[in-house]
$ cat upload.cif   # mmCIF, C-alpha atoms and all ligand atoms
data_structure
loop_
_atom_site.label_atom_id
_atom_site.label_comp_id
_atom_site.auth_asym_id
_atom_site.auth_seq_id
_atom_site.Cartn_x
_atom_site.Cartn_y
_atom_site.Cartn_z
CA MET P 1 0.00 0.00 0.00
CA THR P 2 1.47 3.38 -1.01
CA ARG P 3 1.34 5.91 1.79
CA GLY P 4 -0.98 8.82 1.06
CA LYS P 5 0.23 12.42 0.93
CA PHE P 6 -0.15 14.88 3.77
CA ILE P 7 -1.01 18.47 2.84
CA THR P 8 -1.55 21.31 5.31
CA ILE P 9 -3.11 24.73 4.77
CA GLU P 10 -1.85 27.57 6.94
CA GLY P 11 -2.49 31.28 7.33
CA THR P 12 -3.93 33.92 9.62
CA GLU P 13 -7.64 34.49 10.25
CA GLY P 14 -9.52 35.40 7.09
CA ALA P 15 -6.61 34.45 4.82
CA GLY P 16 -8.94 32.09 2.96
CA LYS P 17 -8.01 28.64 4.35
CA SER P 18 -11.56 27.26 4.44
CA THR P 19 -12.25 28.67 0.98
CA ALA P 20 -9.01 27.09 -0.32
CA ILE P 21 -9.90 23.74 1.23
CA ASN P 22 -13.27 23.71 -0.51
CA TYR P 23 -11.47 24.32 -3.78
CA ILE P 24 -8.89 21.58 -3.06
CA ARG P 25 -11.79 19.25 -2.33
CA SER P 26 -12.94 19.68 -5.93
CA LEU P 27 -9.39 19.28 -7.32
CA LEU P 28 -8.73 16.03 -5.42
CA ALA P 29 -12.21 14.53 -5.76
CA ASP P 30 -11.04 11.78 -8.13
CA LEU P 31 -8.00 10.58 -6.18
CA PRO P 32 -8.16 6.78 -6.34
CA GLY P 33 -7.22 6.14 -2.70
CA GLY P 34 -9.54 8.83 -1.35
CA VAL P 35 -8.83 11.95 0.68
CA ILE P 36 -9.89 13.13 4.13
CA PHE P 37 -10.24 16.73 5.29
CA THR P 38 -9.48 17.58 8.88
CA ARG P 39 -8.51 20.54 11.06
CA GLU P 40 -6.52 21.78 14.03
CA PRO P 41 -7.06 22.29 16.80
CA GLY P 42 -9.33 19.26 16.61
CA GLY P 43 -9.73 16.35 14.23
CA THR P 44 -10.62 13.54 16.69
CA GLY P 45 -13.10 13.25 19.57
CA ILE P 46 -10.53 14.05 22.26
CA ALA P 47 -8.82 16.72 20.15
CA GLU P 48 -12.17 18.45 19.51
CA GLU P 49 -12.75 18.49 23.31
CA ILE P 50 -9.29 20.07 23.70
CA ARG P 51 -10.30 22.62 21.02
CA LYS P 52 -13.26 23.67 23.17
CA VAL P 53 -10.90 24.28 26.10
CA LEU P 54 -8.51 26.18 23.84
CA LEU P 55 -11.29 28.50 22.70
CA TYR P 56 -12.73 28.92 26.23
CA PRO P 57 -13.76 32.58 26.55
CA ALA P 58 -10.96 34.82 27.86
CA SER P 59 -13.55 36.80 29.82
CA THR P 60 -14.26 33.71 31.97
CA GLU P 61 -10.66 32.75 32.78
CA LYS P 62 -7.42 33.92 31.24
CA MET P 63 -5.34 31.13 29.68
CA ASN P 64 -1.60 30.99 30.34
CA PRO P 65 0.45 30.92 27.12
CA GLU P 66 2.13 27.72 28.41
CA THR P 67 -1.30 26.10 28.81
CA GLU P 68 -2.22 27.09 25.27
CA LEU P 69 1.04 25.70 23.85
CA LEU P 70 0.74 22.37 25.65
CA LEU P 71 -2.93 21.95 24.76
CA MET P 72 -2.17 22.60 21.09
CA PHE P 73 0.43 19.83 21.13
CA ALA P 74 -1.79 17.54 23.23
CA GLY P 75 -4.53 17.84 20.62
CA ARG P 76 -1.96 17.34 17.85
CA ALA P 77 -0.73 14.07 19.41
CA GLN P 78 -4.31 12.72 19.26
CA HIS P 79 -4.93 14.10 15.78
CA LEU P 80 -1.71 12.72 14.34
CA ASN P 81 -1.91 9.26 15.88
CA HIS P 82 -5.65 8.64 15.69
CA CYS P 83 -6.59 10.39 12.45
CA ILE P 84 -3.73 11.51 10.18
CA LEU P 85 -1.29 8.58 10.36
CA PRO P 86 -3.91 5.80 10.09
CA ALA P 87 -5.41 7.53 7.03
CA LEU P 88 -1.99 7.98 5.36
CA GLN P 89 -1.12 4.35 6.09
CA ALA P 90 -4.40 3.28 4.47
CA GLY P 91 -3.28 5.12 1.32
CA LYS P 92 -5.58 8.10 1.78
CA TRP P 93 -4.46 11.67 1.31
CA VAL P 94 -4.94 14.01 4.25
CA VAL P 95 -5.63 17.73 3.96
CA SER P 96 -5.52 19.58 7.28
CA ASP P 97 -6.72 23.12 8.00
CA ARG P 98 -3.62 24.04 10.08
CA PHE P 99 -0.96 21.83 11.68
CA VAL P 100 2.40 22.26 13.43
CA ASP P 101 3.48 25.46 11.60
CA ALA P 102 0.54 27.16 13.33
CA SER P 103 2.22 26.58 16.72
CA TYR P 104 5.38 28.36 15.53
CA ALA P 105 3.22 31.20 14.19
CA TYR P 106 0.59 31.61 16.96
CA GLN P 107 2.29 30.39 20.14
CA GLY P 108 5.79 31.41 18.96
CA GLY P 109 5.18 34.59 16.95
CA GLY P 110 1.86 35.67 18.43
CA ARG P 111 2.37 34.78 22.11
CA GLY P 112 6.16 35.07 22.17
CA MET P 113 6.77 31.57 23.57
CA PRO P 114 10.42 30.51 23.07
CA MET P 115 10.94 28.80 19.71
CA GLN P 116 13.21 26.21 21.40
CA ALA P 117 10.28 25.06 23.55
CA ILE P 118 8.12 24.69 20.44
CA GLN P 119 10.89 22.82 18.64
CA ALA P 120 11.23 20.40 21.56
CA LEU P 121 7.49 19.65 21.54
CA ASP P 122 7.53 19.40 17.76
CA LYS P 123 10.32 16.82 17.94
CA MET P 124 8.50 14.83 20.62
CA ILE P 125 4.98 14.90 19.12
CA VAL P 126 5.41 15.29 15.35
CA GLY P 127 8.93 13.93 14.82
CA ASN P 128 9.40 13.07 11.18
CA HIS P 129 5.67 12.97 10.39
CA TYR P 130 5.91 16.28 8.60
CA PRO P 131 3.51 17.42 5.88
CA ASP P 132 4.63 16.66 2.32
CA LEU P 133 3.31 20.03 1.19
CA THR P 134 2.14 23.14 3.03
CA LEU P 135 0.28 25.99 1.36
CA LEU P 136 0.68 29.21 3.31
CA LEU P 137 -2.05 31.69 2.43
CA ASP P 138 -0.41 35.01 3.08
CA VAL P 139 -2.40 38.18 3.62
CA SER P 140 -1.86 41.28 5.76
CA ALA P 141 -3.41 41.16 9.21
CA GLU P 142 -5.64 44.11 8.24
CA GLN P 143 -6.98 42.45 5.10
CA GLY P 144 -7.55 39.14 6.89
CA PHE P 145 -9.38 40.98 9.64
CA ALA P 146 -11.57 42.83 7.14
CA ARG P 147 -12.57 39.49 5.59
CA THR P 148 -13.62 38.02 8.93
CA GLU P 149 -15.77 41.09 9.71
CA ARG P 150 -18.43 39.60 7.44
CA ARG P 151 -18.75 36.55 9.70
CA THR P 152 -21.87 36.17 11.77
CA SER P 153 -20.37 33.88 14.46
CA PRO P 154 -18.76 35.67 17.43
CA ARG P 155 -14.94 35.80 17.52
CA ASP P 156 -13.35 33.00 19.56
CA ARG P 157 -10.64 33.56 22.21
CA ILE P 158 -7.78 33.64 19.71
CA GLU P 159 -9.70 35.57 17.04
CA GLN P 160 -10.31 38.29 19.65
CA GLU P 161 -6.60 39.18 19.73
CA LYS P 162 -5.59 42.62 18.49
CA LEU P 163 -4.09 43.42 15.12
CA ASP P 164 -0.44 43.43 16.30
CA PHE P 165 -0.85 39.81 17.44
CA PHE P 166 -1.75 38.79 13.87
CA VAL P 167 1.07 40.93 12.46
CA ARG P 168 3.50 38.80 14.53
CA VAL P 169 1.72 35.56 13.54
CA ARG P 170 2.10 36.45 9.87
CA GLN P 171 5.80 37.31 10.30
CA ALA P 172 6.48 33.99 12.03
CA TYR P 173 4.66 32.09 9.26
CA LEU P 174 6.76 33.86 6.60
CA GLU P 175 9.92 33.09 8.59
CA ARG P 176 8.98 29.38 8.61
CA ALA P 177 8.41 29.50 4.85
CA LYS P 178 11.84 31.06 4.35
CA GLN P 179 13.45 28.26 6.36
CA ASP P 180 11.67 25.47 4.48
CA PRO P 181 10.88 26.75 0.97
CA THR P 182 10.70 23.27 -0.57
CA ARG P 183 7.79 22.20 1.63
CA ILE P 184 6.07 25.52 2.30
CA LYS P 185 4.66 27.36 -0.70
CA VAL P 186 3.58 30.93 -0.04
CA ILE P 187 0.42 31.96 -1.85
CA ASP P 188 -0.43 35.64 -2.17
CA ALA P 189 -3.91 35.51 -0.66
CA SER P 190 -4.48 39.26 -1.03
CA LYS P 191 -5.34 38.61 -4.68
CA SER P 192 -8.73 37.74 -6.17
CA LEU P 193 -10.24 34.35 -5.49
CA ALA P 194 -9.58 33.33 -9.12
CA SER P 195 -5.90 34.21 -8.80
CA VAL P 196 -5.54 32.39 -5.47
CA GLN P 197 -7.22 29.32 -6.93
CA ALA P 198 -4.93 29.36 -9.98
CA HIS P 199 -1.90 29.52 -7.68
CA ILE P 200 -3.22 26.62 -5.57
CA ARG P 201 -3.86 24.56 -8.70
CA ASP P 202 -0.31 25.25 -9.99
CA SER P 203 1.29 24.39 -6.63
CA LEU P 204 -0.64 21.13 -6.46
CA SER P 205 0.24 20.12 -10.01
CA VAL P 206 3.95 20.89 -9.46
CA PHE P 207 3.76 18.80 -6.28
CA LEU P 208 1.98 15.93 -8.06
CA SER P 209 4.49 15.84 -10.91
CA SER P 210 7.46 15.94 -8.51
CA GLU P 211 5.93 13.07 -6.54
CA SER P 212 5.31 10.89 -9.56
CA SER P 213 8.76 11.41 -11.15
N1 LIG P 301 -9.06 35.66 -2.41
C1 LIG P 301 -10.15 36.15 -1.79
N2 LIG P 301 -10.63 37.36 -2.14
C2 LIG P 301 -11.70 37.88 -1.50
N3 LIG P 301 -12.38 37.29 -0.50
C3 LIG P 301 -11.94 36.08 -0.11
C4 LIG P 301 -10.81 35.43 -0.72
N4 LIG P 301 -10.61 34.24 -0.10
C5 LIG P 301 -11.56 34.14 0.85
N5 LIG P 301 -12.38 35.22 0.84
C6 LIG P 301 -13.50 35.49 1.76
O1 LIG P 301 -12.92 35.90 3.00
C7 LIG P 301 -13.65 35.35 4.09
C8 LIG P 301 -12.72 34.50 4.97
O2 LIG P 301 -12.31 33.34 4.24
P1 LIG P 301 -12.09 31.94 4.96
O3 LIG P 301 -11.81 30.93 3.87
O4 LIG P 301 -13.20 31.65 5.90
O5 LIG P 301 -10.75 32.25 5.79
P2 LIG P 301 -10.02 31.38 6.92
O6 LIG P 301 -10.59 30.01 6.88
O7 LIG P 301 -8.57 31.42 6.53
O8 LIG P 301 -10.23 32.12 8.21
C9 LIG P 301 -14.80 34.56 3.49
O9 LIG P 301 -15.93 35.40 3.49
C10 LIG P 301 -14.33 34.26 2.08
O10 LIG P 301 -15.41 34.12 1.18
MG MG P 302 -11.46 28.73 8.28
#
$ encode --input "upload.cif" --output "structure tokens" --more "lines below"
Ligand SMILES: Nc1ncnc2c1ncn2[C@@H]1O[C@H](COP(=O)(O)OP(=O)(O)O)[C@@H](O)[C@H]1O
Ligand SMILES: [Mg+2]
Amino acid sequence: MTRGKFITIEGTEGAGKSTAINYIRSLLADLPGGVIFTREPGGTGIAEEIRKVLLYPASTEKMNPETELLLMFAGRAQHLNHCILPALQAGKWVVSDRFVDASYAYQGGGRGMPMQAIQALDKMIVGNHYPDLTLLLDVSAEQGFARTERRTSPRDRIEQEKLDFFVRVRQAYLERAKQDPTRIKVIDASKSLASVQAHIRDSLSVFLSSESS
């Protein structure tokens, strides 16, 4: 059985991750082994419970940045071992709305947690189970924010952060992309939907041809 491919979609709030995933769903609809779509935080029963704790309203009790970091990795351990890896081993492709790069961006860049602490957890929890391809939807914090204004659901604990938080998150994402340009493809998400979709389609076809050669 050929192992499936693992693709992650990253970016700040309103960058267009959910929109991109819907588009990828149509592009990968005919994959012979099948494809599953999942998300972080979350993706399994336990990890979705951890997600609820992670998004617990800040007005009720403030969450320590250490708590947030550890819960993100706790959820990821469940998600990886009980959803992602079994699917890949069964030959399915996995597309996840966020994964480990989000911890470097949000807990590292946004919250200012030491990158060495994140690297240590990454090594322990993710190890070599890294995505084969990551699409980073890059947009300014302001533009991302403006796009989420149209949402009807109230902002969750992390979405309630101020603009400068998302400026740091974006910088940390771009720094990750610079360090690992083969895996992480930056997509200019400030552009029209048609342009973003064309870029996603190109990145996926380059990836597919490099995988089959
Ligand atoms: N390239 C784009 N141009 C304009 N609007 C977009 C674009 N991509 C997404 N949107 C819109 O922006 C909003 C946020 O997109 P969404 O996919 O939910 O972002 P995310 O999942 O990254 O938070 C949605 O209303 C979506 O329709
Ligand atoms: Mg989304």
$ closest_residue --input "upload.cif" --among "P:Ile9, P:Ile118, P:Ala58, P:Ile158" --to "Arg183 in chain P" --atoms "all atoms listed in the file"
P:Ile9
$ residues_near_point --input "upload.cif" --point "(3.3, 34.6, -3.0)" --cutoff "6 Å" --atoms "only C-alpha atoms" --output "compact mmCIF listing (two decimals) with C-alpha atoms, in the coordinates of the input"
# COMPACT_ATOMS: atom_id res chain seq x y z
CA VAL P 186 3.58 30.93 -0.04
CA ILE P 187 0.42 31.96 -1.85
CA ASP P 188 -0.43 35.64 -2.17
$ residues_near_ligand --input "upload.cif" --ligand "ligand MG 302 (chain P)" --cutoff "8 Å" --atoms "only C-alpha atoms and all ligand atoms" --output "list in words"
Glu13, Gly14, Gly16, Lys17, Ser18, Thr19 and Asp97 of chain P
$ closest_atom_pairs --input "upload.cif" --of "chain P" --to "ligand LIG 301 (chain P)" --cutoff "7 Å" --atoms "all atoms listed in the file" --output "Markdown table"
| residue | atom | partner | partner_atom | distance |
| --- | --- | --- | --- | --- |
| P:Gly11 | CA | P:LIG301 | O7 | 6.1 |
| P:Thr12 | CA | P:LIG301 | O7 | 6.1 |
| P:Glu13 | CA | P:LIG301 | O8 | 4.1 |
| P:Gly14 | CA | P:LIG301 | O8 | 3.5 |
| P:Ala15 | CA | P:LIG301 | O7 | 4.0 |
| P:Gly16 | CA | P:LIG301 | O3 | 3.2 |
| P:Lys17 | CA | P:LIG301 | O7 | 3.6 |
| P:Ser18 | CA | P:LIG301 | O3 | 3.7 |
| P:Thr19 | CA | P:LIG301 | O3 | 3.7 |
| P:Ala20 | CA | P:LIG301 | O3 | 6.3 |
| P:Arg147 | CA | P:LIG301 | O1 | 4.4 |
| P:Thr148 | CA | P:LIG301 | C8 | 5.4 |
| P:Arg150 | CA | P:LIG301 | O9 | 6.3 |
| P:Arg151 | CA | P:LIG301 | O9 | 6.9 |
| P:Ala189 | CA | P:LIG301 | N1 | 5.4 |
| P:Ser190 | CA | P:LIG301 | N1 | 6.0 |
| P:Lys191 | CA | P:LIG301 | N1 | 5.3 |
| P:Ser192 | CA | P:LIG301 | N1 | 4.3 |
| P:Leu193 | CA | P:LIG301 | N1 | 3.5 |
| P:Val196 | CA | P:LIG301 | N1 | 5.7 |
$ closest_residue --input "upload.cif" --among "P:Met72, P:Val35, P:Ala177, P:Leu208" --to "Arg51 in chain P" --atoms "all atoms listed in the file"
P:Met72
$ atom_distance --input "upload.cif" --atom1 "CA of Leu135 in chain P" --atom2 "CA of Asn64 in chain P"
29.5 Å
$ atom_distance --input "upload.cif" --atom1 "CA of Leu163 in chain P" --atom2 "CA of His199 in chain P"
26.8 Å
$ closest_residue --input "upload.cif" --among "P:Ala146, P:Leu136, P:Ala120, P:Leu80" --to "Thr44 in chain P" --atoms "only C-alpha atoms"
P:Leu80
$ atom_distance --input "upload.cif" --atom1 "CA of Ala77 in chain P" --atom2 "CA of Ile125 in chain P"
5.8 Å
$ closest_residue --input "upload.cif" --among "P:Asp180, P:Glu161, P:Glu149, P:Glu68" --to "Pro131 in chain P" --atoms "only C-alpha atoms"
P:Asp180
$ closest_residue --input "upload.cif" --among "P:Leu133, P:Asn81, P:Ser26, P:Gln107" --to "Thr67 in chain P" --atoms "only C-alpha atoms"
P:Gln107
$ closest_residue --input "upload.cif" --among "P:Val169, P:Leu55, P:Met1, P:Ala74" --to "Gly112 in chain P" --atoms "only C-alpha atoms"
P:Val169
$ axis_aligned_box --input "upload.cif" --around "range 142-150 of chain P" --padding-each-side "8 Å" --output "lines of an AutoDock Vina configuration file"
center_x = -12.0
center_y = 41.1
center_z = 7.4
size_x = 28.8
size_y = 22.1
size_z = 20.6
$ residues_around --input "upload.cif" --residues "Ile24 in chain P" --least-positions-apart "6" --cutoff "9 Å" --atoms "all atoms listed in the file" --output "PyMOL selection string"
chain P and resi 95+197+200-201+204
$ residues_around --input "upload.cif" --residues "Gly109 in chain P" --least-positions-apart "2" --cutoff "10 Å" --atoms "all atoms listed in the file" --output "VMD selection string"
chain P and resid 102 to 107 111 to 115 165 to 173 175
$ write_last_selection --input "upload.cif" --atoms "C-alpha atoms" --output "CSV table (one decimal), in the frame of the given file"
chain,number,residue,atom,x,y,z
P,102,ALA,CA,0.5,27.2,13.3
P,103,SER,CA,2.2,26.6,16.7
P,104,TYR,CA,5.4,28.4,15.5
P,105,ALA,CA,3.2,31.2,14.2
P,106,TYR,CA,0.6,31.6,17.0
P,107,GLN,CA,2.3,30.4,20.1
P,111,ARG,CA,2.4,34.8,22.1
P,112,GLY,CA,6.2,35.1,22.2
P,113,MET,CA,6.8,31.6,23.6
P,114,PRO,CA,10.4,30.5,23.1
P,115,MET,CA,10.9,28.8,19.7
P,165,PHE,CA,-0.8,39.8,17.4
P,166,PHE,CA,-1.8,38.8,13.9
P,167,VAL,CA,1.1,40.9,12.5
P,168,ARG,CA,3.5,38.8,14.5
P,169,VAL,CA,1.7,35.6,13.5
P,170,ARG,CA,2.1,36.4,9.9
P,171,GLN,CA,5.8,37.3,10.3
P,172,ALA,CA,6.5,34.0,12.0
P,173,TYR,CA,4.7,32.1,9.3
P,175,GLU,CA,9.9,33.1,8.6
$ decode --input "upload.cif" --residues "range 157-169 of chain P" --atoms "all heavy atoms" --output "PDB file, in the first residue's frame"
ATOM      1  N   ARG P 157     -11.662  32.957  21.340  1.00  0.00           N
ATOM      2  CA  ARG P 157     -10.637  33.558  22.207  1.00  0.00           C
ATOM      3  C   ARG P 157      -9.419  34.042  21.419  1.00  0.00           C
ATOM      4  O   ARG P 157      -8.896  35.129  21.677  1.00  0.00           O
ATOM      5  CB  ARG P 157     -10.196  32.528  23.273  1.00  0.00           C
ATOM      6  CG  ARG P 157      -9.264  33.095  24.344  1.00  0.00           C
ATOM      7  CD  ARG P 157      -8.895  32.044  25.386  1.00  0.00           C
ATOM      8  NE  ARG P 157      -8.165  30.938  24.817  1.00  0.00           N
ATOM      9  CZ  ARG P 157      -6.853  30.922  24.579  1.00  0.00           C
ATOM     10  NH1 ARG P 157      -6.121  31.968  24.903  1.00  0.00           N
ATOM     11  NH2 ARG P 157      -6.275  29.883  24.034  1.00  0.00           N
ATOM     12  N   ILE P 158      -8.979  33.245  20.458  1.00  0.00           N
ATOM     13  CA  ILE P 158      -7.778  33.641  19.711  1.00  0.00           C
ATOM     14  C   ILE P 158      -8.119  34.712  18.662  1.00  0.00           C
ATOM     15  O   ILE P 158      -7.369  35.665  18.481  1.00  0.00           O
ATOM     16  CB  ILE P 158      -7.090  32.390  19.115  1.00  0.00           C
ATOM     17  CG1 ILE P 158      -6.619  31.484  20.279  1.00  0.00           C
ATOM     18  CG2 ILE P 158      -5.906  32.781  18.223  1.00  0.00           C
ATOM     19  CD1 ILE P 158      -5.982  30.170  19.897  1.00  0.00           C
ATOM     20  N   GLU P 159      -9.288  34.569  18.050  1.00  0.00           N
ATOM     21  CA  GLU P 159      -9.697  35.572  17.040  1.00  0.00           C
ATOM     22  C   GLU P 159      -9.888  36.967  17.647  1.00  0.00           C
ATOM     23  O   GLU P 159      -9.875  37.962  16.930  1.00  0.00           O
ATOM     24  CB  GLU P 159     -11.004  35.129  16.354  1.00  0.00           C
ATOM     25  CG  GLU P 159     -10.822  33.978  15.381  1.00  0.00           C
ATOM     26  CD  GLU P 159     -12.132  33.342  14.942  1.00  0.00           C
ATOM     27  OE1 GLU P 159     -13.195  33.656  15.511  1.00  0.00           O
ATOM     28  OE2 GLU P 159     -12.083  32.506  14.033  1.00  0.00           O
ATOM     29  N   GLN P 160     -10.095  36.997  18.991  1.00  0.00           N
ATOM     30  CA  GLN P 160     -10.311  38.291  19.654  1.00  0.00           C
ATOM     31  C   GLN P 160      -9.019  39.089  19.863  1.00  0.00           C
ATOM     32  O   GLN P 160      -9.069  40.228  20.311  1.00  0.00           O
ATOM     33  CB  GLN P 160     -10.960  38.075  21.031  1.00  0.00           C
ATOM     34  CG  GLN P 160     -12.454  37.817  20.950  1.00  0.00           C
ATOM     35  CD  GLN P 160     -13.015  37.290  22.252  1.00  0.00           C
ATOM     36  OE1 GLN P 160     -12.348  37.302  23.278  1.00  0.00           O
ATOM     37  NE2 GLN P 160     -14.247  36.818  22.209  1.00  0.00           N
ATOM     38  N   GLU P 161      -7.875  38.475  19.566  1.00  0.00           N
ATOM     39  CA  GLU P 161      -6.604  39.184  19.733  1.00  0.00           C
ATOM     40  C   GLU P 161      -6.555  40.420  18.836  1.00  0.00           C
ATOM     41  O   GLU P 161      -7.231  40.492  17.824  1.00  0.00           O
ATOM     42  CB  GLU P 161      -5.437  38.251  19.385  1.00  0.00           C
ATOM     43  CG  GLU P 161      -5.145  37.205  20.435  1.00  0.00           C
ATOM     44  CD  GLU P 161      -4.690  37.798  21.765  1.00  0.00           C
ATOM     45  OE1 GLU P 161      -4.100  38.889  21.759  1.00  0.00           O
ATOM     46  OE2 GLU P 161      -4.942  37.168  22.799  1.00  0.00           O
ATOM     47  N   LYS P 162      -5.681  41.357  19.251  1.00  0.00           N
ATOM     48  CA  LYS P 162      -5.586  42.621  18.493  1.00  0.00           C
ATOM     49  C   LYS P 162      -4.716  42.450  17.243  1.00  0.00           C
ATOM     50  O   LYS P 162      -4.027  41.443  17.090  1.00  0.00           O
ATOM     51  CB  LYS P 162      -4.993  43.692  19.397  1.00  0.00           C
ATOM     52  CG  LYS P 162      -5.807  43.857  20.650  1.00  0.00           C
ATOM     53  CD  LYS P 162      -5.643  45.234  21.257  1.00  0.00           C
ATOM     54  CE  LYS P 162      -6.567  45.387  22.449  1.00  0.00           C
ATOM     55  NZ  LYS P 162      -6.353  44.295  23.448  1.00  0.00           N
ATOM     56  N   LEU P 163      -4.769  43.463  16.410  1.00  0.00           N
ATOM     57  CA  LEU P 163      -4.089  43.422  15.118  1.00  0.00           C
ATOM     58  C   LEU P 163      -2.599  43.070  15.231  1.00  0.00           C
ATOM     59  O   LEU P 163      -2.083  42.259  14.457  1.00  0.00           O
ATOM     60  CB  LEU P 163      -4.267  44.785  14.436  1.00  0.00           C
ATOM     61  CG  LEU P 163      -4.153  44.776  12.925  1.00  0.00           C
ATOM     62  CD1 LEU P 163      -5.234  43.921  12.293  1.00  0.00           C
ATOM     63  CD2 LEU P 163      -4.211  46.191  12.388  1.00  0.00           C
ATOM     64  N   ASP P 164      -1.892  43.654  16.219  1.00  0.00           N
ATOM     65  CA  ASP P 164      -0.444  43.429  16.299  1.00  0.00           C
ATOM     66  C   ASP P 164      -0.113  41.956  16.561  1.00  0.00           C
ATOM     67  O   ASP P 164       0.934  41.458  16.140  1.00  0.00           O
ATOM     68  CB  ASP P 164       0.221  44.350  17.336  1.00  0.00           C
ATOM     69  CG  ASP P 164      -0.279  44.077  18.737  1.00  0.00           C
ATOM     70  OD1 ASP P 164      -1.491  43.795  18.897  1.00  0.00           O
ATOM     71  OD2 ASP P 164       0.523  44.133  19.678  1.00  0.00           O
ATOM     72  N   PHE P 165      -1.015  41.248  17.235  1.00  0.00           N
ATOM     73  CA  PHE P 165      -0.846  39.808  17.445  1.00  0.00           C
ATOM     74  C   PHE P 165      -0.777  39.110  16.075  1.00  0.00           C
ATOM     75  O   PHE P 165       0.130  38.308  15.814  1.00  0.00           O
ATOM     76  CB  PHE P 165      -2.018  39.269  18.271  1.00  0.00           C
ATOM     77  CG  PHE P 165      -2.014  37.772  18.490  1.00  0.00           C
ATOM     78  CD1 PHE P 165      -1.322  37.211  19.555  1.00  0.00           C
ATOM     79  CD2 PHE P 165      -2.720  36.927  17.641  1.00  0.00           C
ATOM     80  CE1 PHE P 165      -1.328  35.831  19.766  1.00  0.00           C
ATOM     81  CE2 PHE P 165      -2.727  35.549  17.834  1.00  0.00           C
ATOM     82  CZ  PHE P 165      -2.035  35.010  18.909  1.00  0.00           C
ATOM     83  N   PHE P 166      -1.701  39.448  15.180  1.00  0.00           N
ATOM     84  CA  PHE P 166      -1.749  38.788  13.870  1.00  0.00           C
ATOM     85  C   PHE P 166      -0.624  39.249  12.950  1.00  0.00           C
ATOM     86  O   PHE P 166      -0.213  38.505  12.063  1.00  0.00           O
ATOM     87  CB  PHE P 166      -3.128  38.985  13.229  1.00  0.00           C
ATOM     88  CG  PHE P 166      -4.197  38.301  14.034  1.00  0.00           C
ATOM     89  CD1 PHE P 166      -5.045  39.028  14.851  1.00  0.00           C
ATOM     90  CD2 PHE P 166      -4.300  36.920  14.026  1.00  0.00           C
ATOM     91  CE1 PHE P 166      -5.995  38.390  15.633  1.00  0.00           C
ATOM     92  CE2 PHE P 166      -5.247  36.273  14.799  1.00  0.00           C
ATOM     93  CZ  PHE P 166      -6.099  37.008  15.613  1.00  0.00           C
ATOM     94  N   VAL P 167      -0.109  40.463  13.206  1.00  0.00           N
ATOM     95  CA  VAL P 167       1.072  40.928  12.459  1.00  0.00           C
ATOM     96  C   VAL P 167       2.247  40.013  12.804  1.00  0.00           C
ATOM     97  O   VAL P 167       2.980  39.545  11.929  1.00  0.00           O
ATOM     98  CB  VAL P 167       1.387  42.412  12.797  1.00  0.00           C
ATOM     99  CG1 VAL P 167       2.743  42.828  12.240  1.00  0.00           C
ATOM    100  CG2 VAL P 167       0.281  43.330  12.274  1.00  0.00           C
ATOM    101  N   ARG P 168       2.403  39.685  14.107  1.00  0.00           N
ATOM    102  CA  ARG P 168       3.498  38.798  14.529  1.00  0.00           C
ATOM    103  C   ARG P 168       3.290  37.361  14.028  1.00  0.00           C
ATOM    104  O   ARG P 168       4.241  36.671  13.659  1.00  0.00           O
ATOM    105  CB  ARG P 168       3.626  38.802  16.060  1.00  0.00           C
ATOM    106  CG  ARG P 168       4.076  40.127  16.646  1.00  0.00           C
ATOM    107  CD  ARG P 168       4.511  39.973  18.090  1.00  0.00           C
ATOM    108  NE  ARG P 168       3.468  39.437  18.966  1.00  0.00           N
ATOM    109  CZ  ARG P 168       2.516  40.152  19.563  1.00  0.00           C
ATOM    110  NH1 ARG P 168       2.472  41.463  19.387  1.00  0.00           N
ATOM    111  NH2 ARG P 168       1.616  39.577  20.346  1.00  0.00           N
ATOM    112  N   VAL P 169       2.031  36.913  14.036  1.00  0.00           N
ATOM    113  CA  VAL P 169       1.720  35.565  13.537  1.00  0.00           C
ATOM    114  C   VAL P 169       2.131  35.460  12.065  1.00  0.00           C
ATOM    115  O   VAL P 169       2.803  34.513  11.656  1.00  0.00           O
ATOM    116  CB  VAL P 169       0.213  35.246  13.700  1.00  0.00           C
ATOM    117  CG1 VAL P 169      -0.151  33.938  12.996  1.00  0.00           C
ATOM    118  CG2 VAL P 169      -0.164  35.162  15.179  1.00  0.00           C
TER     119      VAL P 169
END
